[in-house]
$ cat query.tsv   # TSV, C-alpha atoms
chain	number	residue	atom	x	y	z
U	1	MET	CA	140.26	53.71	101.50
U	2	ILE	CA	137.56	56.14	102.67
U	3	ASP	CA	137.00	55.72	106.39
U	4	ASN	CA	134.32	57.06	108.75
U	5	ARG	CA	136.61	59.86	109.87
U	6	GLN	CA	136.93	61.27	106.37
U	7	GLN	CA	133.19	60.90	105.82
U	8	ALA	CA	132.54	62.83	109.05
U	9	LYS	CA	134.91	65.59	107.97
U	10	ALA	CA	133.08	65.89	104.65
U	11	GLN	CA	129.75	66.19	106.42
U	12	ALA	CA	131.14	68.77	108.86
U	13	PHE	CA	132.63	70.82	106.03
U	14	ARG	CA	129.41	70.69	104.04
U	15	ALA	CA	127.43	71.83	107.11
U	16	LEU	CA	129.57	74.98	107.40
U	17	HIS	CA	127.96	76.23	104.17
U	18	ASP	CA	124.38	75.89	105.42
U	19	GLU	CA	124.00	79.21	107.22
U	20	GLY	CA	125.97	82.19	108.47
U	21	ILE	CA	129.54	82.69	107.28
U	22	PHE	CA	132.89	81.05	107.90
U	23	ALA	CA	136.46	81.94	107.00
U	24	LEU	CA	139.11	79.65	105.55
U	25	PRO	CA	142.63	81.10	106.03
U	26	ASN	CA	144.51	79.44	103.19
U	27	ALA	CA	147.53	77.21	103.85
U	28	TRP	CA	150.27	76.16	101.45
U	29	ASP	CA	152.05	73.32	103.23
U	30	ALA	CA	151.71	71.11	106.29
U	31	GLY	CA	153.37	73.69	108.54
U	32	SER	CA	151.12	76.57	107.58
U	33	ALA	CA	148.11	74.26	107.87
U	34	ALA	CA	149.14	73.44	111.45
U	35	MET	CA	149.32	77.17	112.22
U	36	VAL	CA	145.86	77.76	110.72
U	37	ALA	CA	144.50	74.91	112.83
U	38	ALA	CA	146.21	76.29	115.94
U	39	ALA	CA	144.47	79.61	115.31
U	40	GLY	CA	141.10	77.91	115.71
U	41	ALA	CA	139.99	77.46	112.12
U	42	GLN	CA	137.10	75.11	111.43
U	43	ALA	CA	138.66	73.86	108.20
U	44	VAL	CA	141.74	74.39	106.05
U	45	SER	CA	141.83	75.33	102.39
U	46	THR	CA	145.01	75.20	100.32
U	47	THR	CA	146.16	77.84	97.86
U	48	SER	CA	147.67	76.70	94.57
U	49	ALA	CA	149.91	79.78	94.38
U	50	GLY	CA	151.35	79.17	97.84
U	51	VAL	CA	151.84	75.46	97.19
U	52	SER	CA	153.57	76.24	93.90
U	53	TRP	CA	155.87	78.81	95.53
U	54	SER	CA	156.77	76.38	98.31
U	55	LEU	CA	157.97	73.94	95.64
U	56	GLY	CA	159.93	76.56	93.73
U	57	ARG	CA	157.44	77.05	90.92
U	58	SER	CA	155.17	79.89	89.82
U	59	ASP	CA	151.38	79.53	89.94
U	60	GLY	CA	149.20	78.41	87.04
U	61	GLU	CA	149.29	74.60	86.86
U	62	ARG	CA	153.07	74.53	86.66
U	63	LEU	CA	153.01	71.71	89.18
U	64	THR	CA	152.05	68.23	88.12
U	65	ARG	CA	148.94	66.64	89.56
U	66	GLU	CA	151.17	64.31	91.57
U	67	GLU	CA	153.18	67.18	93.09
U	68	MET	CA	150.04	69.00	94.17
U	69	ILE	CA	148.41	65.87	95.56
U	70	ASP	CA	151.52	65.08	97.61
U	71	VAL	CA	151.18	68.44	99.41
U	72	ILE	CA	147.44	67.96	99.93
U	73	ALA	CA	148.07	64.54	101.48
U	74	ARG	CA	150.66	66.03	103.86
U	75	VAL	CA	148.22	68.76	104.89
U	76	ALA	CA	145.38	66.30	105.44
U	77	ALA	CA	147.67	64.06	107.53
U	78	THR	CA	148.84	66.97	109.69
U	79	VAL	CA	145.57	68.59	110.75
U	80	ASP	CA	142.50	66.98	112.25
U	81	LEU	CA	140.21	69.27	110.26
U	82	PRO	CA	138.35	69.12	106.95
U	83	VAL	CA	140.74	70.02	104.11
U	84	SER	CA	139.64	71.58	100.85
U	85	ALA	CA	142.15	71.35	98.01
U	86	ASP	CA	142.78	74.02	95.40
U	87	VAL	CA	143.28	71.91	92.29
U	88	GLU	CA	143.34	74.86	89.88
U	89	GLY	CA	141.69	73.79	86.61
U	90	GLY	CA	141.90	70.07	87.39
U	91	TYR	CA	145.21	69.35	85.59
U	92	GLY	CA	143.76	68.75	82.16
U	93	ASP	CA	141.02	70.06	79.90
U	94	SER	CA	138.89	66.96	79.71
U	95	PRO	CA	136.25	65.75	82.16
U	96	GLU	CA	138.32	62.58	82.48
U	97	ALA	CA	141.31	64.61	83.70
U	98	VAL	CA	139.14	66.27	86.35
U	99	ALA	CA	137.83	62.87	87.42
U	100	THR	CA	141.38	61.58	87.82
U	101	THR	CA	142.29	64.60	89.93
U	102	VAL	CA	139.22	64.22	92.15
U	103	ARG	CA	139.96	60.55	92.79
U	104	ALA	CA	143.49	61.50	93.83
U	105	VAL	CA	142.21	64.28	96.12
U	106	VAL	CA	139.85	61.87	97.86
U	107	GLU	CA	142.61	59.30	98.27
U	108	ALA	CA	144.83	62.05	99.76
U	109	GLY	CA	142.29	62.61	102.54
U	110	ALA	CA	140.75	65.92	101.49
U	111	VAL	CA	136.99	66.51	101.52
U	112	GLY	CA	136.61	69.47	99.17
U	113	ILE	CA	138.04	71.03	96.03
U	114	ASN	CA	138.15	74.36	94.21
U	115	LEU	CA	137.80	73.89	90.46
U	116	GLU	CA	138.44	76.82	88.12
U	117	ASP	CA	136.63	77.51	84.86
U	118	SER	CA	139.61	79.29	83.27
U	119	ARG	CA	142.40	77.67	81.28
U	120	SER	CA	145.83	78.06	82.85
U	121	PHE	CA	147.70	78.57	79.58
U	122	ASP	CA	145.76	81.58	78.27
U	123	GLY	CA	143.18	82.61	80.87
U	124	THR	CA	140.20	81.97	78.59
U	125	LEU	CA	137.11	80.46	80.15
U	126	TYR	CA	135.44	77.18	79.34
U	127	SER	CA	131.89	77.56	78.13
U	128	PRO	CA	129.28	77.01	80.86
U	129	ASP	CA	128.34	73.66	79.32
U	130	ALA	CA	131.95	72.49	79.02
U	131	GLN	CA	132.72	73.44	82.61
U	132	ALA	CA	129.50	71.83	83.80
U	133	ALA	CA	130.63	68.58	82.18
U	134	ARG	CA	133.94	68.83	84.02
U	135	ILE	CA	132.15	69.47	87.34
U	136	LYS	CA	129.83	66.50	86.76
U	137	ALA	CA	132.82	64.29	86.07
U	138	GLY	CA	134.31	65.38	89.38
U	139	ARG	CA	131.06	64.76	91.21
U	140	ASP	CA	130.70	61.28	89.69
U	141	ALA	CA	134.33	60.45	90.47
U	142	ALA	CA	133.92	61.43	94.12
U	143	ALA	CA	130.85	59.23	94.44
U	144	ALA	CA	132.61	56.32	92.77
U	145	ALA	CA	135.54	56.77	95.15
U	146	GLY	CA	133.19	56.51	98.13
U	147	LEU	CA	133.00	60.20	99.09
U	148	SER	CA	129.76	61.48	97.61
U	149	GLY	CA	129.87	64.29	100.19
U	150	LEU	CA	132.94	65.91	98.61
U	151	VAL	CA	132.30	69.68	98.51
U	152	ILE	CA	132.90	71.12	95.04
U	153	ASN	CA	133.57	74.87	95.14
U	154	ALA	CA	133.03	75.94	91.53
U	155	ARG	CA	135.27	78.91	90.78
U	156	THR	CA	134.41	81.28	87.96
U	157	ASP	CA	136.98	83.82	86.84
U	158	VAL	CA	134.60	86.17	85.02
U	159	PHE	CA	135.28	89.05	87.42
U	160	LEU	CA	138.90	88.17	88.20
U	161	PHE	CA	139.91	88.23	84.54
U	162	GLN	CA	137.36	90.91	83.60
U	163	VAL	CA	135.77	88.77	80.92
U	164	GLY	CA	133.36	90.60	78.61
U	165	GLU	CA	131.76	93.99	79.12
U	166	PRO	CA	131.42	95.07	82.76
U	167	ALA	CA	127.65	95.40	82.49
U	168	GLY	CA	127.29	91.78	81.41
U	169	ARG	CA	129.56	90.06	83.93
U	170	LEU	CA	126.97	89.43	86.62
U	171	ASP	CA	124.59	87.86	84.12
U	172	ASP	CA	127.43	85.66	82.87
U	173	VAL	CA	128.15	84.50	86.43
U	174	LEU	CA	124.45	83.83	87.03
U	175	ARG	CA	124.25	81.64	83.92
U	176	ARG	CA	127.34	79.77	85.00
U	177	ALA	CA	126.04	79.36	88.54
U	178	ASP	CA	122.88	77.69	87.26
U	179	ALA	CA	124.85	75.33	85.01
U	180	TYR	CA	127.41	74.50	87.68
U	181	ALA	CA	124.76	73.84	90.33
U	182	ALA	CA	122.89	71.50	87.99
U	183	ALA	CA	126.15	69.63	87.37
U	184	GLY	CA	126.72	69.03	91.07
U	185	ALA	CA	128.64	72.03	92.41
U	186	ASP	CA	128.06	72.84	96.08
U	187	SER	CA	129.23	76.44	96.24
U	188	LEU	CA	130.19	79.27	93.90
U	189	PHE	CA	133.57	81.01	94.15
U	190	VAL	CA	133.82	84.42	92.45
U	191	PRO	CA	137.31	85.88	93.01
U	192	GLY	CA	137.68	89.48	91.90
U	193	LEU	CA	134.20	90.45	93.08
U	194	LEU	CA	134.15	92.48	96.29
U	195	ASP	CA	131.56	95.13	95.47
U	196	LEU	CA	129.05	94.61	98.27
U	197	ASP	CA	126.07	95.74	96.21
U	198	VAL	CA	126.89	93.33	93.39
U	199	LEU	CA	127.59	90.55	95.88
U	200	SER	CA	124.23	91.18	97.51
U	201	GLU	CA	122.51	90.90	94.15
U	202	LEU	CA	124.43	87.74	93.31
U	203	THR	CA	123.75	85.99	96.63
U	204	GLY	CA	120.08	86.88	96.31
U	205	LYS	CA	119.78	85.25	92.89
U	206	VAL	CA	121.86	82.06	93.06
U	207	SER	CA	121.00	78.80	94.77
U	208	LEU	CA	124.61	78.07	95.73
U	209	PRO	CA	126.43	79.49	98.77
U	210	VAL	CA	128.88	82.15	97.58
U	211	ASN	CA	132.60	82.23	98.39
U	212	ALA	CA	134.35	85.61	98.23
U	213	MET	CA	138.13	86.06	98.11
U	214	ALA	CA	139.24	88.82	100.45
U	215	GLY	CA	142.52	90.40	101.53
U	216	PRO	CA	143.98	93.77	102.53
U	217	GLY	CA	141.50	96.54	101.73
U	218	ALA	CA	138.59	94.15	101.23
U	219	PRO	CA	135.30	94.40	103.16
U	220	SER	CA	135.37	92.71	106.55
U	221	VAL	CA	133.99	89.24	107.10
U	222	GLU	CA	131.00	90.84	108.83
U	223	ALA	CA	130.32	93.14	105.86
U	224	LEU	CA	130.53	90.16	103.52
U	225	ARG	CA	128.11	88.26	105.74
U	226	GLN	CA	125.62	91.10	105.47
U	227	ALA	CA	125.97	90.88	101.68
U	228	GLY	CA	124.94	87.22	101.86
U	229	VAL	CA	128.39	85.64	101.43
U	230	ARG	CA	128.75	82.28	103.20
U	231	ARG	CA	132.45	81.52	102.79
U	232	VAL	CA	135.54	83.77	102.83
U	233	THR	CA	139.01	82.79	101.67
U	234	VAL	CA	142.16	84.86	101.19
U	235	GLY	CA	143.87	82.94	98.39
U	236	GLN	CA	147.63	83.37	98.40
U	237	ALA	CA	147.56	86.44	100.71
U	238	ILE	CA	148.97	84.74	103.83
U	239	ALA	CA	151.67	82.92	101.85
U	240	GLN	CA	152.48	86.19	100.10
U	241	SER	CA	152.94	87.90	103.47
U	242	ALA	CA	155.10	85.06	104.77
U	243	TYR	CA	157.43	85.09	101.77
U	244	SER	CA	157.58	88.87	101.88
U	245	LEU	CA	158.63	88.67	105.54
U	246	ALA	CA	161.39	86.21	104.63
U	247	ARG	CA	162.74	88.62	102.00
U	248	ARG	CA	162.53	91.69	104.29
U	249	ALA	CA	164.21	89.85	107.16
U	250	ALA	CA	167.00	88.66	104.89
U	251	VAL	CA	167.53	92.19	103.54
U	252	GLU	CA	167.76	93.60	107.07
U	253	ILE	CA	170.23	90.94	108.22
U	254	LEU	CA	172.38	91.35	105.11
U	255	THR	CA	172.42	95.14	105.12
U	256	SER	CA	172.06	96.68	108.58
U	257	GLY	CA	172.95	93.52	110.45
U	258	THR	CA	169.90	93.84	112.71
U	259	TYR	CA	166.86	91.62	113.27
U	260	ASP	CA	163.97	93.96	114.00
U	261	VAL	CA	161.70	92.53	111.29
U	262	LEU	CA	161.68	89.24	113.18
U	263	GLU	CA	160.13	90.73	116.30
U	264	GLY	CA	156.63	89.63	117.22
U	265	ALA	CA	157.01	86.02	116.10
U	266	ASP	CA	155.38	83.28	118.16
U	267	ASP	CA	157.82	81.61	120.50
U	268	PHE	CA	159.52	78.35	119.51
U	269	GLY	CA	157.53	76.27	121.96
U	270	SER	CA	154.17	77.54	120.70
U	271	ILE	CA	155.01	76.69	117.12
U	272	ASN	CA	156.74	73.41	117.87
U	273	GLY	CA	153.83	72.37	120.05
U	274	ALA	CA	151.39	72.72	117.15
U	275	PHE	CA	152.98	69.70	115.48
U	276	SER	CA	152.62	66.05	116.28
U	277	SER	CA	155.58	64.37	118.00
U	278	ARG	CA	155.07	61.20	115.96
$ encode --input "query.tsv" --output "structure tokens"
Amino acid sequence: MIDNRQQAKAQAFRALHDEGIFALPNAWDAGSAAMVAAAGAQAVSTTSAGVSWSLGRSDGERLTREEMIDVIARVAATVDLPVSADVEGGYGDSPEAVATTVRAVVEAGAVGINLEDSRSFDGTLYSPDAQAARIKAGRDAAAAAGLSGLVINARTDVFLFQVGEPAGRLDDVLRRADAYAAAGADSLFVPGLLDLDVLSELTGKVSLPVNAMAGPGAPSVEALRQAGVRRVTVGQAIAQSAYSLARRAAVEILTSGTYDVLEGADDFGSINGAFSSR
């Protein structure tokens, strides 16, 4: 059942894309989402890689739709913020599969999705028309479920997977952006593209707000803002750092018998206090 609270979150999340820039530090479970909220984030976005790792699986649609939705529901129930769900390629090739996934996302309490245009099993991309049909199915499903304001972040992997000749990639993205916007996408996500000059050209030519994926070594949020980017995410980077810390701490404890890697952590009370006592 879609209530007024979820509708308000959808409207608030949509409004973040209207001007300026905002960052979405990606979470991978309810606990990391609570930490992101405690840091002052305006919204929470999940990362499929982090969610998959937390459930003992590798990334790339190796979770079932139901497993992913269960995590999204836990995140949405934990934070009082808009939640955007990374649903990879939608858990099926067909528009009907995407529609089923979107209905489940809405029922889980989220107000946005990322939807990829690459196939998980071989990395090839759907044609612009085929992906547009999948986006439209998601848009129609959201409306039928009572959340027409669901924010669809259309991800294209042209740059991430280096599809085609380098000189033609921007034109490919521009064609896809037009098709995806016409199908009902609300923003354009182009992971793998961090060249500020190319981003400036892209943001100047597309009608959709552009989402860049950043991380260590990437341009700052301010530099991305100057290039016209509206939304910044970091994908699996925070989860990657957290799991790396777990391994390094375990190595130190098991070898030298010391605990130096664990220094600098937030105190127990600060972390425990970020969670509901229900």
$ atom_distance --input "query.tsv" --atom1 "CA of Ala73 (chain U)" --atom2 "CA of Ala104 (chain U)"
9.4 Å
$ closest_atom_pairs --input "query.tsv" --of "region 46-70 of chain U" --to "region 75-87 of chain U" --cutoff "10 Å" --atoms "all atoms listed in the file" --output "JSON lines"
{"residue": "U:Thr46", "atom": "CA", "partner": "U:Ala85", "partner_atom": "CA", "distance": 5.3}
{"residue": "U:Thr47", "atom": "CA", "partner": "U:Asp86", "partner_atom": "CA", "distance": 5.7}
{"residue": "U:Ser48", "atom": "CA", "partner": "U:Asp86", "partner_atom": "CA", "distance": 5.6}
{"residue": "U:Ala49", "atom": "CA", "partner": "U:Asp86", "partner_atom": "CA", "distance": 9.2}
{"residue": "U:Val51", "atom": "CA", "partner": "U:Asp86", "partner_atom": "CA", "distance": 9.3}
{"residue": "U:Glu61", "atom": "CA", "partner": "U:Val87", "partner_atom": "CA", "distance": 8.5}
{"residue": "U:Arg65", "atom": "CA", "partner": "U:Val87", "partner_atom": "CA", "distance": 8.2}
{"residue": "U:Met68", "atom": "CA", "partner": "U:Val87", "partner_atom": "CA", "distance": 7.6}
{"residue": "U:Ile69", "atom": "CA", "partner": "U:Val87", "partner_atom": "CA", "distance": 8.6}
{"residue": "U:Asp70", "atom": "CA", "partner": "U:Val75", "partner_atom": "CA", "distance": 8.8}
$ closest_atom_pairs --input "query.tsv" --of "region 185-274 of chain U" --to "region 130-137 of chain U" --cutoff "12 Å" --atoms "only C-alpha atoms" --output "CSV"
residue,atom,partner,partner_atom,distance
U:Ala185,CA,U:Ile135,CA,6.7
U:Asp186,CA,U:Ile135,CA,10.2
U:Ser187,CA,U:Ile135,CA,11.7
U:Leu188,CA,U:Ile135,CA,12.0
$ residues_around --input "query.tsv" --residues "region 258-275 of chain U" --least-positions-apart "5" --cutoff "12 Å" --atoms "all atoms listed in the file" --output "ChimeraX atom specification"
/U:30-40,75,77-80,242,244-253
$ write_last_selection --input "query.tsv" --atoms "C-alpha atoms" --output "PDB file, in the frame of the given file"
ATOM      1  CA  ALA U  30     151.710  71.110 106.290  1.00  0.00           C
ATOM      2  CA  GLY U  31     153.370  73.690 108.540  1.00  0.00           C
ATOM      3  CA  SER U  32     151.120  76.570 107.580  1.00  0.00           C
ATOM      4  CA  ALA U  33     148.110  74.260 107.870  1.00  0.00           C
ATOM      5  CA  ALA U  34     149.140  73.440 111.450  1.00  0.00           C
ATOM      6  CA  MET U  35     149.320  77.170 112.220  1.00  0.00           C
ATOM      7  CA  VAL U  36     145.860  77.760 110.720  1.00  0.00           C
ATOM      8  CA  ALA U  37     144.500  74.910 112.830  1.00  0.00           C
ATOM      9  CA  ALA U  38     146.210  76.290 115.940  1.00  0.00           C
ATOM     10  CA  ALA U  39     144.470  79.610 115.310  1.00  0.00           C
ATOM     11  CA  GLY U  40     141.100  77.910 115.710  1.00  0.00           C
ATOM     12  CA  VAL U  75     148.220  68.760 104.890  1.00  0.00           C
ATOM     13  CA  ALA U  77     147.670  64.060 107.530  1.00  0.00           C
ATOM     14  CA  THR U  78     148.840  66.970 109.690  1.00  0.00           C
ATOM     15  CA  VAL U  79     145.570  68.590 110.750  1.00  0.00           C
ATOM     16  CA  ASP U  80     142.500  66.980 112.250  1.00  0.00           C
ATOM     17  CA  ALA U 242     155.100  85.060 104.770  1.00  0.00           C
ATOM     18  CA  SER U 244     157.580  88.870 101.880  1.00  0.00           C
ATOM     19  CA  LEU U 245     158.630  88.670 105.540  1.00  0.00           C
ATOM     20  CA  ALA U 246     161.390  86.210 104.630  1.00  0.00           C
ATOM     21  CA  ARG U 247     162.740  88.620 102.000  1.00  0.00           C
ATOM     22  CA  ARG U 248     162.530  91.690 104.290  1.00  0.00           C
ATOM     23  CA  ALA U 249     164.210  89.850 107.160  1.00  0.00           C
ATOM     24  CA  ALA U 250     167.000  88.660 104.890  1.00  0.00           C
ATOM     25  CA  VAL U 251     167.530  92.190 103.540  1.00  0.00           C
ATOM     26  CA  GLU U 252     167.760  93.600 107.070  1.00  0.00           C
ATOM     27  CA  ILE U 253     170.230  90.940 108.220  1.00  0.00           C
TER      28      ILE U 253
END
$ closest_residue --input "query.tsv" --among "U:Ala145, U:Leu193, U:Leu125, U:Ile152" --to "Met213 (chain U)" --atoms "all atoms listed in the file"
U:Leu193
$ atom_distance --input "query.tsv" --atom1 "CA of Leu224 (chain U)" --atom2 "CA of Asp195 (chain U)"
9.5 Å
$ closest_residue --input "query.tsv" --among "U:Asp197, U:Gln6, U:Ala15, U:Arg176" --to "Val105 (chain U)" --atoms "only C-alpha atoms"
U:Gln6
$ residues_near_point --input "query.tsv" --point "(132.2, 86.7, 101.2)" --cutoff "7 Å" --atoms "all atoms listed in the file" --output "VMD selection string"
chain U and resid 210 to 213 221 224 to 225 229 to 232
$ residues_around --input "query.tsv" --residues "Ser200 (chain U)" --least-positions-apart "3" --cutoff "7 Å" --atoms "all atoms listed in the file" --output "list in words"
Leu196, Asp197, Thr203, Gly204, Ala227 and Gly228 of chain U
$ atom_distance --input "query.tsv" --atom1 "CA of Asp157 (chain U)" --atom2 "CA of Ser118 (chain U)"
6.3 Å
$ residues_around --input "query.tsv" --residues "Ala10 (chain U)" --least-positions-apart "4" --cutoff "8 Å" --atoms "only C-alpha atoms" --output "ChimeraX atom specification"
/U:6,14,82,111-112,147,149-151
$ residues_near_point --input "query.tsv" --point "(141.2, 55.3, 90.6)" --cutoff "12 Å" --atoms "only C-alpha atoms" --output "list in words"
Met1, Glu96, Ala97, Val98, Ala99, Thr100, Thr101, Val102, Arg103, Ala104, Val105, Val106, Glu107, Ala108, Ala141, Ala142, Ala143, Ala144, Ala145 and Gly146 of chain U
